[in-house]
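Visitor: The file below is model00.csv, CSV, C-alpha atoms:
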chain,number,residue,atom,x,y,z
A,18,MET,CA,-51.4,15.1,10.2
A,19,LEU,CA,-47.8,16.3,10.4
A,20,LYS,CA,-46.6,13.2,12.1
A,21,ILE,CA,-48.2,11.1,9.3
A,22,ILE,CA,-46.4,13.2,6.7
A,23,ASP,CA,-43.1,13.0,8.7
A,24,ARG,CA,-43.3,9.2,8.9
A,25,TYR,CA,-44.3,9.0,5.2
A,26,ILE,CA,-41.3,11.1,4.0
A,27,LEU,CA,-38.8,9.6,6.5
A,28,LYS,CA,-39.9,6.1,5.4
A,29,ARG,CA,-39.4,7.0,1.7
A,30,TYR,CA,-36.1,8.6,2.5
A,31,LEU,CA,-34.6,5.6,4.3
A,32,ALA,CA,-36.2,3.0,2.0
A,33,THR,CA,-35.0,4.7,-1.2
A,34,PHE,CA,-31.5,5.1,0.1
A,35,THR,CA,-31.4,1.4,1.2
A,36,VAL,CA,-32.7,0.3,-2.2
A,37,MET,CA,-30.2,2.5,-4.0
A,38,LEU,CA,-27.4,0.7,-2.0
A,39,LEU,CA,-28.8,-2.7,-2.7
A,40,LEU,CA,-29.1,-1.9,-6.4
A,41,PHE,CA,-25.7,-0.4,-7.0
A,42,ILE,CA,-23.5,-2.6,-4.8
A,43,PRO,CA,-24.2,-5.8,-6.8
A,44,ILE,CA,-23.5,-3.8,-10.0
A,45,GLY,CA,-20.2,-2.7,-8.5
A,46,ILE,CA,-19.4,-6.3,-7.5
A,47,VAL,CA,-20.2,-7.6,-11.1
A,48,ILE,CA,-18.0,-4.9,-12.7
A,49,ASP,CA,-15.2,-5.6,-10.2
A,50,VAL,CA,-15.4,-9.4,-10.9
A,51,SER,CA,-15.3,-8.8,-14.7
A,52,GLU,CA,-12.1,-6.8,-14.3
A,53,LYS,CA,-10.3,-9.2,-11.9
A,54,VAL,CA,-11.6,-12.7,-12.8
A,55,ASN,CA,-8.7,-13.4,-15.1
A,56,LYS,CA,-6.1,-12.4,-12.5
A,57,MET,CA,-7.9,-14.5,-9.9
A,58,ILE,CA,-7.9,-17.6,-12.1
A,59,GLU,CA,-4.3,-17.0,-13.1
A,60,ASN,CA,-3.2,-16.7,-9.4
A,61,HIS,CA,-5.4,-19.6,-8.2
A,62,VAL,CA,-7.1,-17.4,-5.6
A,63,PRO,CA,-8.9,-19.6,-3.0
A,64,PHE,CA,-12.7,-19.2,-3.0
A,65,LYS,CA,-12.7,-18.4,0.7
A,66,ALA,CA,-10.4,-15.4,0.1
A,67,ILE,CA,-12.6,-14.2,-2.8
A,68,ALA,CA,-15.7,-14.4,-0.6
A,69,SER,CA,-14.0,-12.5,2.2
A,70,TYR,CA,-12.7,-9.9,-0.3
A,71,TYR,CA,-16.2,-9.2,-1.7
A,72,PHE,CA,-17.7,-9.0,1.8
A,73,TYR,CA,-15.3,-6.2,2.7
A,74,PHE,CA,-15.5,-4.8,-0.8
A,75,THR,CA,-19.2,-4.1,-0.2
A,76,ILE,CA,-18.3,-2.0,2.9
A,77,HIS,CA,-15.5,-0.3,1.1
A,78,PHE,CA,-17.7,0.5,-2.0
A,79,ALA,CA,-20.6,1.8,0.1
A,80,ASN,CA,-18.4,4.0,2.2
A,81,PHE,CA,-16.6,5.4,-0.9
A,82,LEU,CA,-19.7,6.2,-2.9
A,83,PHE,CA,-22.0,7.1,0.0
A,84,PRO,CA,-22.5,10.7,-1.0
A,85,ILE,CA,-23.6,9.8,-4.5
A,86,PHE,CA,-26.0,7.1,-3.3
A,87,LEU,CA,-27.6,9.4,-0.8
A,88,PHE,CA,-27.9,12.3,-3.1
A,89,LEU,CA,-29.5,10.3,-6.0
A,90,SER,CA,-31.9,8.5,-3.7
A,91,ILE,CA,-33.3,11.8,-2.3
A,92,ILE,CA,-33.5,13.4,-5.8
A,93,TRP,CA,-35.4,10.3,-7.0
A,94,PHE,CA,-38.1,10.1,-4.4
A,95,THR,CA,-38.5,13.9,-3.9
A,96,SER,CA,-38.9,14.3,-7.7
A,97,LYS,CA,-41.7,11.7,-7.6
A,98,LEU,CA,-43.4,13.6,-4.8
A,99,ALA,CA,-43.1,16.8,-6.8
A,100,ASN,CA,-44.4,15.2,-10.1
A,101,ASN,CA,-47.4,13.8,-8.2
A,102,THR,CA,-48.0,17.3,-6.8
A,103,GLU,CA,-47.7,15.9,-3.2
A,104,ILE,CA,-45.3,18.6,-2.2
A,105,ILE,CA,-47.7,21.3,-3.5
A,106,ALA,CA,-50.5,19.8,-1.5
A,107,ILE,CA,-48.3,19.7,1.7
A,108,LEU,CA,-47.2,23.3,1.3
A,109,SER,CA,-50.7,24.5,0.4
A,110,SER,CA,-52.0,23.1,3.7
A,111,GLY,CA,-50.1,25.8,5.5
A,112,ILE,CA,-46.9,23.8,6.3
A,113,SER,CA,-43.8,25.9,5.8
A,114,PHE,CA,-40.9,24.7,3.6
A,115,SER,CA,-38.6,24.6,6.7
A,116,ARG,CA,-41.2,22.4,8.5
A,117,PHE,CA,-41.4,20.2,5.4
A,118,LEU,CA,-37.6,19.7,5.7
A,119,ARG,CA,-37.8,18.2,9.2
A,120,PRO,CA,-38.2,14.5,8.2
A,121,TYR,CA,-35.4,14.9,5.7
A,122,ILE,CA,-33.1,16.3,8.5
A,123,ILE,CA,-34.1,13.4,10.7
A,124,GLY,CA,-33.3,11.0,7.9
A,125,ALA,CA,-29.9,12.7,7.3
A,126,THR,CA,-29.2,12.4,11.1
A,127,ILE,CA,-29.8,8.6,10.9
A,128,VAL,CA,-27.7,8.2,7.8
A,129,SER,CA,-25.0,10.4,9.3
A,130,ILE,CA,-24.8,8.3,12.4
A,131,CYS,CA,-24.5,5.2,10.3
A,132,ALA,CA,-21.8,6.8,8.2
A,133,PHE,CA,-20.0,7.8,11.4
A,134,ILE,CA,-20.1,4.3,12.7
A,135,MET,CA,-18.9,2.9,9.4
A,136,ALA,CA,-16.0,5.4,9.1
A,137,PHE,CA,-14.8,4.8,12.7
A,138,PHE,CA,-15.3,1.1,13.1
A,139,LEU,CA,-16.2,-0.8,9.9
A,140,ALA,CA,-14.3,0.9,7.2
A,141,PRO,CA,-10.8,0.5,8.7
A,142,LYS,CA,-11.1,-3.3,8.8
A,143,ALA,CA,-12.7,-3.4,5.4
A,144,ASN,CA,-9.9,-1.2,3.9
A,145,ASP,CA,-7.3,-3.5,5.4
A,146,GLU,CA,-8.8,-6.7,4.0
A,147,TYR,CA,-9.6,-5.0,0.7
A,148,ASN,CA,-6.1,-3.7,0.1
A,149,ASN,CA,-4.4,-6.9,1.4
A,150,PHE,CA,-6.3,-8.9,-1.1
A,151,ARG,CA,-5.4,-6.5,-4.0
A,152,TYR,CA,-1.7,-6.5,-3.2
A,153,THR,CA,-1.5,-10.2,-2.4
A,154,TYR,CA,-3.3,-11.6,-5.5
A,155,LEU,CA,-3.9,-8.8,-8.0
A,156,ILE,CA,-1.1,-6.3,-8.2
A,157,GLY,CA,2.2,-7.1,-10.0
A,158,GLY,CA,4.7,-7.3,-7.2
A,159,GLY,CA,2.3,-8.6,-4.6
A,160,LEU,CA,2.9,-7.7,-0.9
A,161,ASP,CA,6.1,-5.9,-1.8
A,162,GLU,CA,4.2,-3.2,-3.7
A,163,MET,CA,2.0,-2.3,-0.8
A,164,ARG,CA,5.0,-0.9,1.1
A,165,ASP,CA,6.9,2.3,0.6
A,166,ASN,CA,10.2,0.7,-0.2
A,167,THR,CA,12.2,3.6,-1.7
A,168,ASP,CA,13.9,6.6,-0.2
A,169,VAL,CA,12.5,5.8,3.3
A,170,PHE,CA,13.5,8.4,5.9
A,171,ARG,CA,12.3,7.9,9.4
A,172,GLN,CA,12.8,9.5,12.8
A,173,ILE,CA,12.9,6.5,15.1
A,174,SER,CA,13.4,8.4,18.4
A,175,LYS,CA,13.7,12.0,19.6
A,176,ASP,CA,17.3,12.3,18.3
A,177,GLU,CA,17.8,9.3,16.0
A,178,TYR,CA,17.2,9.2,12.2
A,179,ILE,CA,17.5,6.4,9.6
A,180,PHE,CA,17.5,6.4,5.8
A,181,VAL,CA,17.5,3.7,3.1
A,182,SER,CA,17.3,4.2,-0.6
A,183,ASN,CA,15.6,0.9,-1.2
A,184,PHE,CA,14.3,-2.1,0.7
A,185,ASN,CA,13.7,-5.6,-0.6
A,186,ASN,CA,10.9,-7.2,1.5
A,187,ILE,CA,11.7,-10.8,0.3
A,188,SER,CA,15.4,-10.8,1.2
A,189,LYS,CA,14.9,-8.4,4.2
A,190,MET,CA,17.8,-6.3,2.9
A,191,ALA,CA,18.1,-2.5,2.6
A,192,PHE,CA,20.6,-0.5,0.5
A,193,ASN,CA,22.5,2.8,1.1
A,194,PHE,CA,21.7,2.7,4.8
A,195,SER,CA,22.5,5.6,7.2
A,196,MET,CA,21.7,6.2,10.8
A,197,GLU,CA,22.4,9.5,12.7
A,198,LYS,CA,22.4,10.1,16.4
A,199,PHE,CA,22.2,13.6,17.8
A,200,GLU,CA,22.7,14.9,21.3
A,201,ASN,CA,21.7,18.5,22.2
A,202,ASP,CA,21.2,19.2,18.5
A,203,LYS,CA,24.8,18.1,17.7
A,204,LEU,CA,25.8,15.0,15.8
A,205,LYS,CA,27.1,12.4,18.1
A,206,TYR,CA,27.7,9.6,15.6
A,207,LYS,CA,26.8,8.4,12.1
A,208,ILE,CA,26.6,4.9,10.7
A,209,THR,CA,26.6,4.2,7.0
A,210,ALA,CA,26.5,0.9,5.1
A,211,ASN,CA,26.1,-0.2,1.5
A,212,ARG,CA,23.7,-2.8,2.7
A,213,ILE,CA,21.9,-3.8,5.9
A,214,LYS,CA,20.1,-7.2,6.4
A,215,TRP,CA,17.6,-8.2,9.0
A,216,ASN,CA,18.3,-11.6,10.6
A,217,GLU,CA,15.0,-13.2,11.7
A,218,LYS,CA,16.6,-15.9,13.8
A,219,GLU,CA,19.1,-13.8,15.7
A,220,LYS,CA,16.8,-10.7,15.9
A,221,ASN,CA,19.7,-8.4,14.8
A,222,TYR,CA,21.0,-6.7,11.7
A,223,THR,CA,24.1,-7.3,9.6
A,224,LEU,CA,25.9,-4.3,8.2
A,225,PHE,CA,27.9,-4.7,4.9
A,226,ASN,CA,30.8,-2.3,4.0
A,227,TYR,CA,29.9,-0.2,7.0
A,228,ASN,CA,31.5,3.0,8.4
A,229,LYS,CA,30.9,4.5,11.8
A,230,ARG,CA,32.1,8.0,12.7
A,231,LYS,CA,32.0,9.1,16.3
A,232,VAL,CA,32.2,12.9,16.5
A,233,GLY,CA,34.6,14.0,19.3
A,234,ALA,CA,35.8,17.4,20.7
A,235,LEU,CA,39.4,16.6,19.8
A,236,GLY,CA,38.8,14.5,16.8
A,237,ASP,CA,36.6,11.9,15.1
A,238,ILE,CA,36.9,8.2,15.7
A,239,ILE,CA,36.2,6.2,12.6
A,240,GLU,CA,35.4,2.5,12.6
A,241,SER,CA,34.9,0.6,9.3
A,242,GLY,CA,34.7,-3.0,8.1
A,243,GLU,CA,33.2,-5.3,5.5
A,244,LYS,CA,30.7,-7.0,7.8
A,245,LYS,CA,29.3,-6.6,11.3
A,246,ASP,CA,26.4,-8.1,13.2
A,247,THR,CA,24.7,-5.6,15.5
A,248,ILE,CA,21.5,-4.7,17.4
A,249,LEU,CA,19.9,-1.4,16.2
A,250,HIS,CA,16.9,0.1,18.0
A,251,PHE,CA,14.3,0.2,15.3
A,252,ASP,CA,11.8,-2.2,13.9
A,253,LEU,CA,11.8,-3.7,10.4
A,254,GLU,CA,8.4,-2.0,9.9
A,255,ASP,CA,10.3,1.3,10.1
A,256,LEU,CA,12.0,0.5,6.9
A,257,THR,CA,8.9,-0.7,5.1
A,258,PRO,CA,5.9,1.4,6.1
A,259,VAL,CA,2.6,0.2,4.6
A,260,ILE,CA,1.4,2.9,2.2
A,261,TYR,CA,-2.2,2.7,3.1
A,262,ILE,CA,-1.7,2.1,6.9
A,263,ALA,CA,-3.8,5.1,8.0
A,264,GLU,CA,-6.9,3.8,6.2
A,265,THR,CA,-6.8,0.6,8.3
A,266,LEU,CA,-6.6,2.0,11.8
A,267,SER,CA,-9.4,2.8,14.2
A,268,TYR,CA,-9.8,6.3,15.5
A,269,SER,CA,-7.8,5.8,18.7
A,270,ASP,CA,-5.1,3.9,16.9
A,271,LEU,CA,-4.9,6.5,14.1
A,272,THR,CA,-4.5,9.4,16.5
A,273,LYS,CA,-1.7,7.6,18.3
A,274,PHE,CA,-0.1,6.6,15.0
A,275,ILE,CA,-0.2,10.3,13.8
A,276,ASP,CA,1.4,11.5,17.0
A,277,LYS,CA,4.1,8.9,16.7
A,278,GLU,CA,4.8,9.7,13.0
A,279,ARG,CA,4.8,13.5,13.8
A,280,ALA,CA,7.5,12.9,16.4
A,281,ARG,CA,9.4,10.9,13.9
A,282,GLY,CA,9.3,13.7,11.4
A,283,SER,CA,7.3,11.6,8.8
A,284,SER,CA,6.8,13.3,5.4
A,285,ASN,CA,3.4,11.6,5.1
A,286,ILE,CA,1.6,13.4,8.0
A,287,SER,CA,-0.7,15.2,5.6
A,288,VAL,CA,-1.9,11.9,4.1
A,289,TYR,CA,-2.7,10.6,7.6
A,290,LEU,CA,-4.5,13.8,8.6
A,291,VAL,CA,-6.7,13.7,5.5
A,292,VAL,CA,-7.9,10.2,6.5
A,293,LEU,CA,-8.5,11.4,10.1
A,294,TYR,CA,-10.5,14.6,9.2
A,295,LYS,CA,-12.6,12.7,6.6
A,296,LYS,CA,-14.0,10.6,9.4
A,297,TYR,CA,-15.8,13.8,10.5
A,298,SER,CA,-16.4,15.5,7.2
A,299,VAL,CA,-18.2,12.7,5.4
A,300,PRO,CA,-21.0,12.3,8.0
A,301,VAL,CA,-21.6,16.1,8.0
A,302,SER,CA,-21.9,16.0,4.2
A,303,ALA,CA,-25.1,13.9,4.7
A,304,PHE,CA,-26.9,17.1,5.9
A,305,ILE,CA,-25.6,19.3,3.2
A,306,LEU,CA,-26.4,16.9,0.3
A,307,THR,CA,-29.8,16.3,1.7
A,308,ILE,CA,-30.7,20.0,1.7
A,309,ILE,CA,-29.3,20.5,-1.8
A,310,ALA,CA,-31.2,17.4,-3.1
A,311,VAL,CA,-34.5,18.6,-1.6
A,312,ALA,CA,-34.0,22.2,-2.9
A,313,VAL,CA,-33.2,20.9,-6.4
A,314,SER,CA,-35.9,18.3,-6.7
A,315,SER,CA,-38.9,19.8,-4.8
A,316,MET,CA,-39.9,22.0,-7.8
A,317,LYS,CA,-42.0,20.4,-10.5
A,318,ARG,CA,-40.1,20.9,-13.8
A,319,ARG,CA,-41.1,20.7,-17.4
A,320,GLY,CA,-38.5,18.0,-18.0
A,321,GLY,CA,-39.9,16.0,-15.1
A,322,MET,CA,-37.8,13.6,-13.0
A,323,GLY,CA,-35.2,13.2,-15.8
A,324,THR,CA,-34.2,16.9,-15.4
A,325,ASN,CA,-33.9,16.6,-11.7
A,326,LEU,CA,-31.8,13.4,-11.9
A,327,ALA,CA,-29.5,15.0,-14.5
A,328,ILE,CA,-28.9,18.0,-12.2
A,329,GLY,CA,-28.5,15.6,-9.2
A,330,ILE,CA,-25.9,13.4,-11.0
A,331,LEU,CA,-24.0,16.5,-12.0
A,332,LEU,CA,-23.9,17.9,-8.5
A,333,ALA,CA,-23.2,14.6,-6.8
A,334,PHE,CA,-20.2,13.9,-9.1
A,335,SER,CA,-19.0,17.5,-8.6
A,336,PHE,CA,-19.0,16.9,-4.9
A,337,VAL,CA,-17.0,13.7,-5.2
A,338,PHE,CA,-14.6,15.5,-7.7
A,339,PHE,CA,-14.0,18.4,-5.3
A,340,ASP,CA,-13.5,15.9,-2.4
A,341,LYS,CA,-10.8,14.0,-4.3
A,342,ILE,CA,-9.1,17.0,-5.8
A,343,PHE,CA,-8.7,18.8,-2.5
A,344,GLY,CA,-7.7,15.5,-0.8
A,345,VAL,CA,-4.8,15.1,-3.3
A,346,LEU,CA,-3.9,18.8,-2.8
A,347,ALA,CA,-3.6,18.3,0.9
A,348,GLU,CA,-1.4,15.2,0.4
A,349,LYS,CA,0.9,16.7,-2.3
A,350,SER,CA,1.1,20.4,-1.5
A,351,THR,CA,1.4,22.7,1.5
A,352,MET,CA,-2.4,23.2,1.9
A,353,PRO,CA,-3.4,22.5,5.5
A,354,PRO,CA,-5.2,19.1,5.5
A,355,ILE,CA,-8.1,20.3,7.7
A,356,ILE,CA,-8.9,23.1,5.2
A,357,ALA,CA,-8.6,20.8,2.1
A,358,VAL,CA,-10.9,18.2,3.7
A,359,TRP,CA,-13.6,20.7,4.7
A,360,VAL,CA,-13.5,22.9,1.5
A,361,PRO,CA,-16.1,20.7,-0.4
A,362,ASN,CA,-18.5,20.8,2.6
A,363,ILE,CA,-18.0,24.6,2.9
A,364,VAL,CA,-18.6,25.2,-0.9
A,365,PHE,CA,-21.6,23.0,-1.1
A,366,GLY,CA,-22.9,24.2,2.2
A,367,ILE,CA,-23.0,27.8,0.7
A,368,LEU,CA,-24.7,26.3,-2.4
A,369,ALA,CA,-27.2,24.5,-0.1
A,370,ILE,CA,-28.1,27.8,1.6
A,371,TYR,CA,-28.6,29.6,-1.7
A,372,LEU,CA,-30.7,26.8,-3.2
A,373,LEU,CA,-32.8,26.5,-0.1
A,374,ARG,CA,-33.6,30.2,-0.1
A,375,ASN,CA,-34.7,30.0,-3.8
A,376,ALA,CA,-36.8,26.9,-3.0
A,377,LYS,CA,-38.6,28.6,-0.2
A,378,ARG,CA,-39.7,31.3,-2.6
How would this structure read if it were set down as structure tokens?

Guide:
Amino acid sequence: MLKIIDRYILKRYLATFTVMLLLFIPIGIVIDVSEKVNKMIENHVPFKAIASYYFYFTIHFANFLFPIFLFLSIIWFTSKLANNTEIIAILSSGISFSRFLRPYIIGATIVSICAFIMAFFLAPKANDEYNNFRYTYLIGGGLDEMRDNTDVFRQISKDEYIFVSNFNNISKMAFNFSMEKFENDKLKYKITANRIKWNEKEKNYTLFNYNKRKVGALGDIIESGEKKDTILHFDLEDLTPVIYIAETLSYSDLTKFIDKERARGSSNISVYLVVLYKKYSVPVSAFILTIIAVAVSSMKRRGGMGTNLAIGILLAFSFVFFDKIFGVLAEKSTMPPIIAVWVPNIVFGILAIYLLRNAKR
């Protein structure tokens, strides 16, 4: 009997979650099309690019709103079980509430594995294509706006640093350039220039109105001039980091990228770490949201399914709100990213334990 009940609940769990995805994703696509259709027509976007964009938009959208879809689907079908007195019948037969939860936990495990695979393998590619389309065809300055072009400070090696106040991606020219070289924590030389231009054909840089100061024990040596072609040991990408780069990298590439940026002294480490830690926290949230949803909707209420759905929607959006707020705090403040990312799971985990105890009573 238990196996029949387990299969019945598990089937309803997965089927309702799948239907919820299939129902809301087309709605999300229709809303997105209505917002962007004028811009697409104005920019003569090719149909192939649009089709590719909405394929990856589907993955991006599902990954972004996964907690809400999961939570509402469980609230929906568990409320129906409660309203039909099926849960009362199951518990009255001598099955404990903990045992009743087993097929839900199995379902949460399956969904969590899918979310894990999506976060580690599918979402990076989807985020890359999604953002490239937006910045290429839909956002004002195009590709130039998807890069961090102002006040770029980078550590390009163990003891070398560069800075530019602004970079023009079209002309490949940066302004107010400076480069510092240290040796044993002492400044060895510093190069400054009003402008620096990348020469694609020669694979070198041109310095305009430059000044080079070599620091010596007996005195500094100063070299200056209006123009000079030279080879500098950093890539053009170091001057124009893509602002959403972390979202487009697989797990192994992301960890290597973070190590590289940490060695360079990047100021965006917190942003990258938030992306990394969320790859783990989102799948775990499947279990927490499942327990909360079952605890809230397993009781037959006077208001019926509508009351349960109202409570479910409030809790689901509260979870997403917490997740976004603490993500921004980690990126913009001194709060450790790992704490900020896991706070929503911890808070709602405590709530899940409290609601589960009440539900058992």

Visitor: Which one of A:Ala303, A:Glu348, A:Phe274, A:Ser241 sits closest to A:Val291 if you count only C-alpha atoms?

Guide: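 With only C-alpha atoms as the atom set, the closest residue is A:Glu348.
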
Visitor: Using only C-alpha atoms, can you tell me which of A:Val292, A:Ile213, A:Ala369, A:Met316 comes closest to A:Ala347?

Guide: A:Val292

Visitor: Figure out the distance between atom CA of A:Leu38 and atom CA of A:Phe133, please, to one decimal in Å.

Guide: 16.9 Å

Visitor: Give as a list in words each residue that has an atom at most 10 Å from (-18.6, 14.2, 11.0) in the file, counting all atoms listed in the file.

Guide: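 So the residues meeting the distance criterion are Ser129, Ile130, Ala132, Phe133, Ala136, Tyr294, Lys295, Lys296, Tyr297, Ser298, Val299, Pro300, Val301, Ser302 and Ala303 of chain A.
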
Visitor: So how many Å separate atom CA of A:Val47 and atom CA of A:Ile91, to one decimal?

Guide: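 Here the two named atoms are 25.0 Å from each other.
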
Visitor: Which one is closest to A:Leu27: A:Thr126, A:Asn80, A:Asn185, A:Ser109? Count only C-alpha atoms.

Guide: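 Nearest candidate to A:Leu27 out of A:Thr126, A:Asn80, A:Asn185, A:Ser109: A:Thr126.
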
Visitor: Go ahead and compute the interatomic distance for atom CA of A:Leu31 and atom CA of A:Leu332, in Å to one decimal.

Guide: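 Going from atom CA of A:Leu31 over to atom CA of A:Leu332, I get 20.7 Å.
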
Visitor: Using all atoms listed in the file, pick whichever of A:Leu155, A:Ile122, A:Ile356, A:Thr33 has the shortest atom-to-atom distance to A:Asp49.

Guide: A:Leu155

Visitor: Point out the residue among A:Phe338, A:Phe34, A:Phe64, A:Phe225 with the least atom-to-atom distance to A:Ala125, counting all atoms listed in the file.

Guide: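 Among A:Phe338, A:Phe34, A:Phe64, A:Phe225, it is A:Phe34 that comes nearest to A:Ala125.
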
Visitor: Using all atoms listed in the file, which protein or nucleic acid residues come within 12 Å of A:Glu103? Drop anything in the same chain fewer than 3 positions from it, and give the result as a ChimeraX atom specification.

Guide: /A:22,25-26,94-100,106-110,117,315-317

Visitor: Just to be explicit: take each residue in the selection above, keep C-alpha atoms, and write the result as a PDB file, keeping the file's coordinate frame.

Guide:
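Contents of selection_11.pdb, freshly written:
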ATOM      1  CA  ILE A  22     -46.400  13.200   6.700  1.00  0.00           C
ATOM      2  CA  TYR A  25     -44.300   9.000   5.200  1.00  0.00           C
ATOM      3  CA  ILE A  26     -41.300  11.100   4.000  1.00  0.00           C
ATOM      4  CA  PHE A  94     -38.100  10.100  -4.400  1.00  0.00           C
ATOM      5  CA  THR A  95     -38.500  13.900  -3.900  1.00  0.00           C
ATOM      6  CA  SER A  96     -38.900  14.300  -7.700  1.00  0.00           C
ATOM      7  CA  LYS A  97     -41.700  11.700  -7.600  1.00  0.00           C
ATOM      8  CA  LEU A  98     -43.400  13.600  -4.800  1.00  0.00           C
ATOM      9  CA  ALA A  99     -43.100  16.800  -6.800  1.00  0.00           C
ATOM     10  CA  ASN A 100     -44.400  15.200 -10.100  1.00  0.00           C
ATOM     11  CA  ALA A 106     -50.500  19.800  -1.500  1.00  0.00           C
ATOM     12  CA  ILE A 107     -48.300  19.700   1.700  1.00  0.00           C
ATOM     13  CA  LEU A 108     -47.200  23.300   1.300  1.00  0.00           C
ATOM     14  CA  SER A 109     -50.700  24.500   0.400  1.00  0.00           C
ATOM     15  CA  SER A 110     -52.000  23.100   3.700  1.00  0.00           C
ATOM     16  CA  PHE A 117     -41.400  20.200   5.400  1.00  0.00           C
ATOM     17  CA  SER A 315     -38.900  19.800  -4.800  1.00  0.00           C
ATOM     18  CA  MET A 316     -39.900  22.000  -7.800  1.00  0.00           C
ATOM     19  CA  LYS A 317     -42.000  20.400 -10.500  1.00  0.00           C
TER      20      LYS A 317
END

Visitor: Excluding A:Asp340 and any residue of its chain fewer than 6 positions from it, enumerate the residues within 9 Å of it, using only C-alpha atoms, and give them as a list in words.

Guide: Ala357, Val358, Trp359, Val360, Pro361 and Asn362 of chain A

Visitor: Give me the residues within 10 Å of A:Glu59 as a list of chain:residue names, counting only C-alpha atoms and dropping any in the same chain fewer than 5 places off.

Guide: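 Skipping anything fewer than 5 positions along the chain leaves A:Lys53, A:Val54, A:Tyr154, A:Leu155.
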
Visitor: Please identify all polymer residues lying at most 6 Å from the point (-31.3, 25.2, 0.3) (file coordinates), using all atoms listed in the file, and present the result as a list in words.

Guide: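 Residues with an atom at most 6 Å from (-31.3, 25.2, 0.3): Ile308, Ile309, Ala312, Ala369, Ile370, Tyr371, Leu372, Leu373 and Arg374 of chain A.
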
Visitor: A:Met190, A:Ala310, A:Ala280, A:Ala140: which is nearest A:Ala79, counting all atoms listed in the file?

Guide: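 So, comparing all the options, the nearest one is A:Ala140.
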